[in-house]
file work.csv (CSV, C-alpha atoms)
chain,number,residue,atom,x,y,z
A,779,MET,CA,93.5,81.5,134.4
A,780,SER,CA,90.8,84.2,134.2
A,781,ALA,CA,88.4,84.6,131.4
A,782,ALA,CA,90.0,87.8,130.1
A,783,PRO,CA,93.2,86.2,128.7
A,784,GLU,CA,91.0,83.5,127.1
A,785,SER,CA,89.1,86.2,125.3
A,786,ALA,CA,92.4,87.9,124.3
A,787,ARG,CA,93.5,84.6,122.8
A,788,ALA,CA,90.2,84.2,121.0
A,789,ASP,CA,90.6,87.7,119.7
A,790,LYS,CA,94.1,86.9,118.5
A,791,ALA,CA,92.8,83.7,116.8
A,792,THR,CA,90.2,85.8,115.0
A,793,LEU,CA,92.8,88.3,114.0
A,794,ASP,CA,95.1,85.6,112.7
A,795,ALA,CA,92.3,84.1,110.6
A,796,ALA,CA,91.5,87.5,109.2
A,797,PHE,CA,95.2,88.0,108.3
A,798,ALA,CA,95.3,84.6,106.6
A,799,GLU,CA,92.4,85.7,104.5
A,800,LEU,CA,94.1,89.0,103.6
A,801,TYR,CA,97.3,87.1,102.7
A,802,LYS,CA,95.5,84.6,100.4
A,803,ALA,CA,93.4,87.3,98.7
A,804,HIS,CA,96.3,89.6,98.0
A,805,LEU,CA,99.5,87.7,97.7
A,806,ARG,CA,99.4,87.9,93.9
A,807,ASP,CA,98.6,91.7,94.1
A,808,VAL,CA,101.6,92.3,96.4
A,809,TYR,CA,103.9,90.2,94.3
A,810,SER,CA,102.8,91.8,91.0
A,811,TYR,CA,103.2,95.2,92.4
A,812,SER,CA,106.7,94.3,93.8
A,813,TYR,CA,107.7,92.7,90.5
A,814,TYR,CA,106.8,95.7,88.4
A,815,ARG,CA,108.4,98.1,90.9
A,816,VAL,CA,111.8,96.3,91.2
A,817,GLY,CA,111.9,94.5,87.9
A,818,ASN,CA,113.2,91.1,89.0
A,819,HIS,CA,111.8,88.1,90.7
A,820,HIS,CA,114.5,87.7,93.3
A,821,ASP,CA,113.9,91.2,94.9
A,822,ALA,CA,110.2,91.0,94.3
A,823,GLU,CA,110.1,87.9,96.5
A,824,ASP,CA,112.0,89.7,99.2
A,825,LEU,CA,109.8,92.7,99.0
A,826,THR,CA,106.6,90.5,99.2
A,827,GLU,CA,107.9,88.7,102.2
A,828,GLN,CA,108.8,91.9,104.0
A,829,THR,CA,105.5,93.4,103.1
A,830,PHE,CA,103.5,90.6,104.7
A,831,LEU,CA,105.7,90.4,107.8
A,832,GLN,CA,105.3,94.1,108.4
A,833,ALA,CA,101.6,93.9,107.6
A,834,TYR,CA,101.3,91.2,110.3
A,835,ARG,CA,102.9,93.4,112.9
A,836,HIS,CA,100.5,96.2,112.3
A,837,PHE,CA,97.4,94.3,111.2
A,838,ALA,CA,95.3,94.8,114.4
A,839,ARG,CA,95.6,98.5,114.3
A,840,ALA,CA,95.1,98.7,110.5
A,841,GLN,CA,91.9,96.6,110.8
A,842,LYS,CA,90.6,98.8,113.6
A,843,GLU,CA,91.4,102.0,111.7
A,844,SER,CA,90.1,100.8,108.4
A,845,GLN,CA,86.5,100.7,109.8
A,846,GLY,CA,85.5,97.9,107.4
A,847,ARG,CA,87.1,99.4,104.3
A,848,PRO,CA,89.3,97.1,102.1
A,849,LEU,CA,92.8,96.7,103.3
A,850,ARG,CA,94.4,96.2,99.9
A,851,PRO,CA,95.5,99.9,99.6
A,852,TRP,CA,97.1,99.7,103.1
A,853,LEU,CA,99.0,96.5,102.0
A,854,ILE,CA,100.2,98.1,98.8
A,855,ARG,CA,101.2,101.2,100.6
A,856,ILE,CA,103.5,99.1,102.8
A,857,ALA,CA,105.0,97.5,99.6
A,858,HIS,CA,105.3,101.0,98.2
A,859,ASN,CA,107.2,102.3,101.2
A,860,LEU,CA,109.5,99.3,101.3
A,861,ALA,CA,110.2,99.6,97.6
A,862,ALA,CA,111.1,103.3,98.2
A,863,ASN,CA,113.6,102.2,100.9
A,864,TYR,CA,114.9,99.5,98.6
A,865,TYR,CA,115.9,102.1,96.1
A,866,ARG,CA,117.2,104.5,98.7
A,867,ASP,CA,119.4,101.8,100.3
A,868,ARG,CA,120.7,100.3,97.1
A,869,SER,CA,120.7,103.4,94.8
A,870,ARG,CA,118.9,101.3,92.2
A,871,ARG,CA,116.4,102.1,89.5
A,872,PRO,CA,113.7,99.6,88.4
A,873,GLN,CA,114.7,97.4,85.6
A,874,THR,CA,112.0,95.2,84.1
A,875,ASN,CA,113.2,92.2,82.3
A,876,ILE,CA,110.4,92.1,79.9
A,877,ASP,CA,111.1,88.5,78.9
A,878,ASP,CA,110.1,87.5,82.4
A,879,ALA,CA,106.9,89.4,82.4
A,880,GLY,CA,103.9,87.0,82.6
A,881,ALA,CA,101.9,88.4,79.7
A,882,ILE,CA,104.8,88.6,77.4
A,883,SER,CA,106.2,85.2,78.1
A,884,THR,CA,103.2,83.4,76.6
A,885,PRO,CA,103.9,81.4,73.5
A,886,HIS,CA,103.9,83.4,70.2
A,887,THR,CA,103.4,81.6,67.0
A,888,THR,CA,102.3,84.1,64.4
A,889,GLU,CA,103.8,87.3,63.0
A,890,GLY,CA,100.9,89.2,64.4
A,891,LEU,CA,101.7,88.0,67.9
A,892,VAL,CA,105.3,88.8,67.5
A,893,GLN,CA,104.3,92.3,66.6
A,894,ASP,CA,102.0,92.3,69.6
A,895,ARG,CA,104.9,91.2,71.8
A,896,ASP,CA,107.0,94.1,70.4
A,897,ASP,CA,104.3,96.6,71.2
A,898,LEU,CA,103.9,95.3,74.7
A,899,ALA,CA,107.6,95.4,75.3
A,900,ARG,CA,107.7,99.0,74.0
A,901,ILE,CA,104.9,99.9,76.5
A,902,LEU,CA,106.8,98.3,79.4
A,903,ARG,CA,109.9,100.2,78.4
A,904,GLY,CA,107.8,103.4,78.4
A,905,VAL,CA,106.3,102.6,81.8
A,906,GLN,CA,109.8,102.4,83.2
A,907,GLN,CA,110.6,105.8,81.9
A,908,LEU,CA,107.7,107.5,83.7
A,909,PRO,CA,108.2,109.5,86.9
A,910,ASP,CA,107.8,107.2,90.0
A,911,ASP,CA,104.3,108.4,91.0
A,912,ARG,CA,102.9,108.0,87.5
A,913,ARG,CA,104.5,104.6,87.0
A,914,GLU,CA,103.1,103.4,90.4
A,915,ALA,CA,99.6,104.6,89.6
A,916,LEU,CA,99.7,102.7,86.3
A,917,ILE,CA,100.9,99.5,88.0
A,918,MET,CA,98.1,99.8,90.6
A,919,ARG,CA,95.5,100.4,88.0
A,920,PHE,CA,96.5,97.9,85.3
A,921,ALA,CA,98.4,95.2,87.1
A,922,LEU,CA,96.3,95.1,90.2
A,923,GLY,CA,93.0,96.5,88.8
A,924,MET,CA,92.6,99.0,91.6
A,925,ASP,CA,90.1,101.8,91.2
A,926,ASN,CA,90.8,105.5,91.7
A,927,ARG,CA,89.7,105.5,95.3
A,928,GLU,CA,92.0,102.5,96.2
A,929,ILE,CA,94.9,104.1,94.4
A,930,ALA,CA,94.3,107.4,96.2
A,931,ARG,CA,94.4,105.6,99.5
A,932,ALA,CA,97.5,103.7,98.7
A,933,LEU,CA,99.4,106.8,97.5
A,934,GLY,CA,98.0,109.1,100.2
A,935,ARG,CA,96.3,111.4,97.6
A,936,THR,CA,92.8,112.7,97.0
A,937,ASP,CA,90.5,110.9,94.5
A,938,GLY,CA,90.7,113.9,92.2
A,939,ALA,CA,94.4,114.2,92.3
A,940,THR,CA,94.7,110.5,91.5
A,941,LYS,CA,92.4,110.8,88.5
A,942,VAL,CA,94.6,113.6,87.2
A,943,LEU,CA,97.7,111.6,87.9
A,944,LEU,CA,96.5,108.6,85.9
A,945,HIS,CA,95.4,110.7,83.0
A,946,ARG,CA,98.7,112.4,82.8
A,947,ALA,CA,100.6,109.1,83.2
A,948,ILE,CA,98.7,107.6,80.2
A,949,ARG,CA,99.2,110.8,78.1
A,950,GLN,CA,102.9,110.8,78.8
A,951,LEU,CA,103.2,107.1,78.1
A,952,GLU,CA,101.4,107.6,74.8
A,953,GLU,CA,104.0,110.2,73.8
A,954,ILE,CA,106.9,108.0,74.9
A,955,VAL,CA,105.6,105.0,73.1
A,956,GLN,CA,104.9,107.0,70.0
A,957,LYS,CA,108.4,108.4,70.0
A,958,ASP,CA,109.9,105.0,70.5
A,959,ALA,CA,107.8,103.6,67.7
A,960,ASN,CA,108.9,106.4,65.3
A,961,GLY,CA,112.5,105.8,66.3
A,962,ALA,CA,112.2,102.1,65.6
A,963,GLY,CA,110.5,102.8,62.3
A,964,ARG,CA,113.3,104.9,61.1
A,965,HIS,CA,115.9,102.2,62.0
A,966,GLU,CA,114.0,99.5,60.1
B,102,MET,CA,102.3,102.3,66.4
B,103,SER,CA,99.3,104.7,66.4
B,104,GLU,CA,97.4,104.0,69.6
B,105,THR,CA,94.3,105.8,70.7
B,106,PHE,CA,93.9,106.4,74.4
B,107,SER,CA,91.7,103.4,75.0
B,108,GLU,CA,93.8,101.2,72.8
B,109,LEU,CA,96.8,102.2,74.9
B,110,GLU,CA,94.8,101.3,78.0
B,111,ALA,CA,94.0,97.9,76.6
B,112,ALA,CA,97.6,97.3,75.7
B,113,LEU,CA,98.7,98.5,79.2
B,114,LYS,CA,96.4,95.9,80.7
B,115,ARG,CA,98.1,93.2,78.7
B,116,ALA,CA,101.7,94.5,79.2
B,117,LEU,CA,101.1,94.8,83.0
B,118,ALA,CA,99.4,91.5,83.4
B,119,PRO,CA,99.4,90.2,87.0
B,120,VAL,CA,102.4,88.0,87.8
B,121,GLU,CA,101.8,84.8,89.7
B,122,PRO,CA,104.1,84.5,92.8
B,123,PRO,CA,106.5,81.5,92.7
B,124,VAL,CA,105.2,78.4,94.5
B,125,GLU,CA,108.4,78.3,96.7
B,126,LEU,CA,107.6,81.9,97.9
B,127,GLU,CA,104.1,80.9,98.9
B,128,LYS,CA,105.3,77.9,100.8
B,129,ARG,CA,108.1,79.8,102.5
B,130,LEU,CA,105.9,82.7,103.4
B,131,GLU,CA,103.1,80.5,104.7
B,132,LEU,CA,105.6,78.5,106.8
B,133,THR,CA,107.1,81.7,108.2
B,134,LEU,CA,103.8,83.2,109.1
B,135,ASP,CA,102.5,80.0,110.6
B,136,SER,CA,105.7,79.7,112.8
B,137,ILE,CA,105.3,83.3,113.9
B,138,VAL,CA,101.6,82.8,114.8
B,139,GLU,CA,102.3,79.6,116.8
B,140,LEU,CA,105.3,81.1,118.5
B,141,ALA,CA,103.4,84.2,119.5
B,142,ALA,CA,100.6,82.0,120.9
B,143,ASP,CA,103.0,79.9,123.0
B,144,GLU,CA,104.8,83.0,124.1
B,145,LEU,CA,101.7,84.6,125.3
B,146,GLU,CA,100.7,81.6,127.3
B,147,ASN,CA,104.2,81.1,128.9
B,148,TRP,CA,104.5,84.8,129.6
B,149,GLU,CA,101.2,85.0,131.4
B,150,LEU,CA,102.1,82.0,133.6
B,151,ALA,CA,105.5,83.4,134.4
B,152,GLY,CA,104.0,86.7,135.3
B,153,LEU,CA,101.5,85.2,137.6
B,154,ARG,CA,104.1,83.5,139.7
B,155,ASP,CA,105.2,86.9,141.0
B,156,PRO,CA,102.8,88.2,143.6
B,157,ARG,CA,103.5,91.8,142.5
B,158,ASN,CA,101.8,91.0,139.2
B,159,TRP,CA,98.6,89.6,140.8
B,160,PRO,CA,96.7,92.9,140.9
B,161,ARG,CA,97.7,93.7,137.4
B,162,ALA,CA,96.8,90.2,136.3
B,163,ALA,CA,93.4,90.6,137.9
B,164,LEU,CA,92.7,94.1,136.6
B,165,GLY,CA,94.2,94.3,133.1
B,166,PRO,CA,95.3,91.0,131.7
B,167,THR,CA,93.8,91.6,128.3
B,168,ALA,CA,95.7,94.8,127.8
B,169,ALA,CA,99.0,93.3,129.1
B,170,VAL,CA,98.7,90.3,126.8
B,171,VAL,CA,97.8,92.4,123.7
B,172,VAL,CA,100.4,95.0,124.2
B,173,GLY,CA,103.2,92.6,125.4
B,174,GLY,CA,102.4,90.0,122.8
B,175,GLY,CA,102.5,92.6,120.0
B,176,ALA,CA,105.8,94.0,121.2
B,177,ALA,CA,107.3,90.5,121.6
B,178,VAL,CA,106.2,89.5,118.1
B,179,GLY,CA,107.5,92.7,116.7
B,180,LEU,CA,110.9,92.1,118.3
B,181,VAL,CA,111.1,88.6,117.0
B,182,LEU,CA,110.2,89.8,113.5
B,183,LEU,CA,112.7,92.7,113.6
B,184,ARG,CA,115.5,90.5,114.7
B,185,THR,CA,114.7,87.8,112.3
B,186,GLN,CA,114.4,90.3,109.4
B,187,ARG,CA,117.8,91.7,110.3
B,188,ARG,CA,119.5,88.4,109.6
B,189,ARG,CA,117.8,87.9,106.2
B,190,PRO,CA,120.8,88.8,104.0
B,191,LYS,CA,123.1,86.4,105.9
B,192,ARG,CA,120.6,83.6,105.7
B,193,ARG,CA,120.1,84.2,102.0
B,194,ALA,CA,123.8,84.2,101.4
B,195,ALA,CA,124.4,81.0,103.4
B,196,SER,CA,121.4,79.0,102.1
B,197,ARG,CA,121.6,76.3,99.5
B,198,GLY,CA,118.2,76.7,97.9
B,199,ALA,CA,114.7,77.5,98.9
B,200,LEU,CA,114.2,74.6,101.3
B,201,ASP,CA,117.4,75.3,103.1
B,202,LEU,CA,116.5,79.0,103.3
B,203,THR,CA,113.1,78.1,104.8
B,204,ALA,CA,114.7,75.9,107.4
B,205,ARG,CA,117.1,78.6,108.3
B,206,THR,CA,114.3,81.2,108.6
B,207,VAL,CA,112.3,78.9,110.9
B,208,ARG,CA,115.4,78.2,113.0
B,209,ASP,CA,116.1,81.9,113.2
B,210,VAL,CA,112.5,82.8,114.2
B,211,ALA,CA,112.6,80.1,116.9
B,212,ARG,CA,116.0,81.3,118.2
B,213,GLU,CA,114.9,84.9,118.3
B,214,ALA,CA,111.6,84.0,120.0
B,215,LEU,CA,113.5,82.2,122.7
B,216,ARG,CA,115.9,85.2,123.1
B,217,VAL,CA,113.0,87.6,123.4
B,218,PHE,CA,111.3,85.3,125.9
B,219,ASP,CA,114.6,85.2,127.9
B,220,ASP,CA,114.8,89.0,127.8
B,221,LEU,CA,111.2,89.3,129.0
B,222,ALA,CA,111.2,86.5,131.7
B,223,PRO,CA,114.8,86.0,132.7
B,224,GLY,CA,114.1,84.2,135.9
B,225,ARG,CA,111.8,81.5,134.5
call {"tool": "encode", "arguments": {"input": "work.csv", "output": "structure tokens"}}
result
Amino acid sequence: MSAAPESARADKATLDAAFAELYKAHLRDVYSYSYYRVGNHHDAEDLTEQTFLQAYRHFARAQKESQGRPLRPWLIRIAHNLAANYYRDRSRRPQTNIDDAGAISTPHTTEGLVQDRDDLARILRGVQQLPDDRREALIMRFALGMDNREIARALGRTDGATKVLLHRAIRQLEEIVQKDANGAGRHE
Amino acid sequence: MSETFSELEAALKRALAPVEPPVELEKRLELTLDSIVELAADELENWELAGLRDPRNWPRAALGPTAAVVVGGGAAVGLVLLRTQRRRPKRRAASRGALDLTARTVRDVAREALRVFDDLAPGR
């Protein structure tokens, strides 16, 4: 064999190693995003699997086009598009089973913590009531710790538009949570 | 609940805590990706050898082997993935647990890779 295919194989090995790194670094991010988008572990697993399979197929081009920038927004964008298809195909809406959420399933032993649990559950319910783009921006910011620039790349928006989106999302969530709390107070 | 903006942000951080992926998913995904990577490598090698047996391919093999391998390999892997993905609902429905599902996925990937190879090099 000539040297050229050898170098193609070496390139492929380098690419595969880079993909393995990407996978290890962001499996939790993709899974968290998927979980908060679809609201159950079963579909989140499917979505995560599909995201990485699709990412593998397009990894070489993405790496070339990223010009050294982090690939996490690209990965989350794949998950975002797949999640959108998931809803389109199955006509579903996200449903977060809050008892399964990692933060809320930690043991609670005091009254204060039970109150805390209620508050967090209320916030999760509020997040699910937000319009899709606002909910996604909050998931990316708070579950994945992405900054404005990363979120902007994942959502295909400008940095400025993303900043506004996040601000409005939190404002709206504040109103929803407040309303929910007032309603709950009246029933008690 | 009277939250200020920053209190709400702090609460959001706790409510939307990162969720650890299940261990079974990690194992299954790593196995699938490993299989795909290995099959793609074998496929590339076999395909190159099969191509070189035909004299019509010699000039191309001499001039542009890298491009052929990269483009062809990508397409072949893409095909295998697409076909394997298409069978996912059936696999999931038929499987008896995570291990069984993993085994079925690997078998499907292998079967689809062979089919793609047959399509690409029918006379081998």
call {"tool": "residues_around", "arguments": {"input": "work.csv", "residues": "range 199-204 of chain B", "least_positions_apart": "3", "cutoff": "12 Å", "atoms": "all atoms listed in the file", "output": "ChimeraX atom specification"}}
result
/A:820,823 /B:123-134,136,188-196,207-211
call {"tool": "interface_residues", "arguments": {"input": "work.csv", "of": "chain A", "to": "chain B", "cutoff": "8 Å", "atoms": "only C-alpha atoms", "output": "PDB file with C-alpha atoms, in the frame of the given file"}}
result
ATOM      1  CA  SER A 780      90.800  84.200 134.200  1.00  0.00           C
ATOM      2  CA  ALA A 782      90.000  87.800 130.100  1.00  0.00           C
ATOM      3  CA  PRO A 783      93.200  86.200 128.700  1.00  0.00           C
ATOM      4  CA  SER A 785      89.100  86.200 125.300  1.00  0.00           C
ATOM      5  CA  ALA A 786      92.400  87.900 124.300  1.00  0.00           C
ATOM      6  CA  ARG A 787      93.500  84.600 122.800  1.00  0.00           C
ATOM      7  CA  ASP A 794      95.100  85.600 112.700  1.00  0.00           C
ATOM      8  CA  LEU A 805      99.500  87.700  97.700  1.00  0.00           C
ATOM      9  CA  ARG A 806      99.400  87.900  93.900  1.00  0.00           C
ATOM     10  CA  ASP A 807      98.600  91.700  94.100  1.00  0.00           C
ATOM     11  CA  TYR A 809     103.900  90.200  94.300  1.00  0.00           C
ATOM     12  CA  SER A 810     102.800  91.800  91.000  1.00  0.00           C
ATOM     13  CA  TYR A 813     107.700  92.700  90.500  1.00  0.00           C
ATOM     14  CA  TYR A 814     106.800  95.700  88.400  1.00  0.00           C
ATOM     15  CA  GLU A 823     110.100  87.900  96.500  1.00  0.00           C
ATOM     16  CA  GLU A 827     107.900  88.700 102.200  1.00  0.00           C
ATOM     17  CA  GLN A 828     108.800  91.900 104.000  1.00  0.00           C
ATOM     18  CA  LEU A 831     105.700  90.400 107.800  1.00  0.00           C
ATOM     19  CA  ARG A 835     102.900  93.400 112.900  1.00  0.00           C
ATOM     20  CA  ALA A 879     106.900  89.400  82.400  1.00  0.00           C
ATOM     21  CA  GLY A 880     103.900  87.000  82.600  1.00  0.00           C
ATOM     22  CA  ALA A 881     101.900  88.400  79.700  1.00  0.00           C
ATOM     23  CA  ILE A 882     104.800  88.600  77.400  1.00  0.00           C
ATOM     24  CA  ASP A 897     104.300  96.600  71.200  1.00  0.00           C
ATOM     25  CA  LEU A 898     103.900  95.300  74.700  1.00  0.00           C
ATOM     26  CA  ALA A 899     107.600  95.400  75.300  1.00  0.00           C
ATOM     27  CA  ILE A 901     104.900  99.900  76.500  1.00  0.00           C
ATOM     28  CA  LEU A 902     106.800  98.300  79.400  1.00  0.00           C
ATOM     29  CA  ILE A 917     100.900  99.500  88.000  1.00  0.00           C
ATOM     30  CA  PHE A 920      96.500  97.900  85.300  1.00  0.00           C
ATOM     31  CA  ALA A 921      98.400  95.200  87.100  1.00  0.00           C
ATOM     32  CA  LEU A 922      96.300  95.100  90.200  1.00  0.00           C
ATOM     33  CA  ILE A 948      98.700 107.600  80.200  1.00  0.00           C
ATOM     34  CA  ARG A 949      99.200 110.800  78.100  1.00  0.00           C
ATOM     35  CA  GLU A 952     101.400 107.600  74.800  1.00  0.00           C
ATOM     36  CA  VAL A 955     105.600 105.000  73.100  1.00  0.00           C
ATOM     37  CA  GLN A 956     104.900 107.000  70.000  1.00  0.00           C
ATOM     38  CA  ALA A 959     107.800 103.600  67.700  1.00  0.00           C
ATOM     39  CA  ASN A 960     108.900 106.400  65.300  1.00  0.00           C
TER      40      ASN A 960
END
call {"tool": "atom_distance", "arguments": {"input": "work.csv", "atom1": "CA of Lys802 in chain A", "atom2": "CA of Gln832 in chain A"}}
result
15.8 Å
call {"tool": "atom_distance", "arguments": {"input": "work.csv", "atom1": "CA of Leu793 in chain A", "atom2": "CA of His836 in chain A"}}
result
11.2 Å
call {"tool": "atom_distance", "arguments": {"input": "work.csv", "atom1": "CA of Glu843 in chain A", "atom2": "CA of Ala788 in chain A"}}
result
20.1 Å
call {"tool": "residues_around", "arguments": {"input": "work.csv", "residues": "Ile929 in chain A", "least_positions_apart": "2", "cutoff": "12 Å", "atoms": "all atoms listed in the file", "output": "ChimeraX atom specification"}}
result
/A:848-855,858,911-912,914-920,922-927,931-944
call {"tool": "closest_residue", "arguments": {"input": "work.csv", "among": "A:Val905, A:Leu825, A:Ala803, A:Val808", "to": "Tyr865 in chain A", "atoms": "all atoms listed in the file"}}
result
A:Leu825
call {"tool": "residues_around", "arguments": {"input": "work.csv", "residues": "Gln907 in chain A", "least_positions_apart": "3", "cutoff": "10 Å", "atoms": "only C-alpha atoms", "output": "PyMOL selection string"}}
result
chain A and resi 872+901-904+910+912-913+950-951+954
